[in-house]
Amino acid sequence: NYLVKLIKDSRIYPKDQLKMLNVQYAIMNRLLRGIATNINQIAKVANANHNTPAAALLVDMHQEIRILKNNLQPLWDETRKDLWQS
């Protein structure tokens with residue numbers, strides 16, 4: 001919030017930086033989705049081979065990544081909204 005306030009108060013309109021952040025966020029999102037998909041596939045194979053402790057761990061990791069993404073999304077949306085309203 002401090003950085004957003006600093007940007008808003010500075011009368012600088014960092015649209016180029018915001019576009020770059022949007023691209024970086026999209027890349028991060030795609031990577032997180034890829035990691036989550038890979039973990040889910042590994043968990044399915046481990047479960048099919050009756051290696052349930054490993055499967056349970058991978059399922060937990062997959063869920064943690066989903067939680068992280070869900071927690072980051074509102075923060076990013078609010079930051080974008082604040083920057084565009086400057």
# chains A, B, ... in the order shown; residues from 1 in each chain; ligands from 1

$ residues_around --residues "Glu64 of chain A" --least-positions-apart "3" --cutoff "12 Å" --atoms "only C-alpha atoms" --output "PDB file with C-alpha atoms, in the first residue's frame"
ATOM      1  CA  LEU A  32       2.015 -21.515 -11.384  1.00  0.00           C
ATOM      2  CA  ILE A  35       3.503 -26.357 -11.753  1.00  0.00           C
ATOM      3  CA  ALA A  36       0.090 -27.149 -10.287  1.00  0.00           C
ATOM      4  CA  ILE A  39       2.032 -31.810  -9.354  1.00  0.00           C
ATOM      5  CA  ASN A  40      -1.502 -33.034  -9.960  1.00  0.00           C
ATOM      6  CA  LEU A  57       1.997 -34.750  -0.175  1.00  0.00           C
ATOM      7  CA  LEU A  58       1.683 -33.756  -3.834  1.00  0.00           C
ATOM      8  CA  VAL A  59      -2.034 -33.103  -3.480  1.00  0.00           C
ATOM      9  CA  ASP A  60      -1.256 -30.842  -0.511  1.00  0.00           C
ATOM     10  CA  MET A  61       1.373 -28.987  -2.564  1.00  0.00           C
ATOM     11  CA  ILE A  67      -4.313 -20.964  -2.295  1.00  0.00           C
ATOM     12  CA  LEU A  68      -1.284 -18.825  -3.143  1.00  0.00           C
ATOM     13  CA  LYS A  69      -2.723 -17.916  -6.531  1.00  0.00           C
ATOM     14  CA  ASN A  70      -6.132 -17.136  -5.042  1.00  0.00           C
ATOM     15  CA  ASN A  71      -4.534 -14.920  -2.384  1.00  0.00           C
TER      16      ASN A  71
END

$ residues_around --residues "segment 52-55 of chain A" --least-positions-apart "4" --cutoff "6 Å" --atoms "only C-alpha atoms" --output "PyMOL selection string"
chain A and resi 43+46-47

$ write_last_selection --atoms "N, CA, C and O atoms" --output "compact mmCIF listing (two decimals), in the first residue's frame"
# COMPACT_ATOMS: atom_id res chain seq x y z
N ALA A 43 0.80 -36.68 -8.69
CA ALA A 43 -0.01 -37.24 -7.62
C ALA A 43 -0.90 -38.37 -8.14
O ALA A 43 -1.06 -39.40 -7.47
N ALA A 46 1.34 -41.40 -8.65
CA ALA A 46 1.72 -41.96 -7.35
C ALA A 46 0.54 -42.69 -6.72
O ALA A 46 0.70 -43.78 -6.15
N ASN A 47 -0.63 -42.12 -6.82
CA ASN A 47 -1.82 -42.75 -6.26
C ASN A 47 -2.16 -44.04 -7.00
O ASN A 47 -2.53 -45.04 -6.39
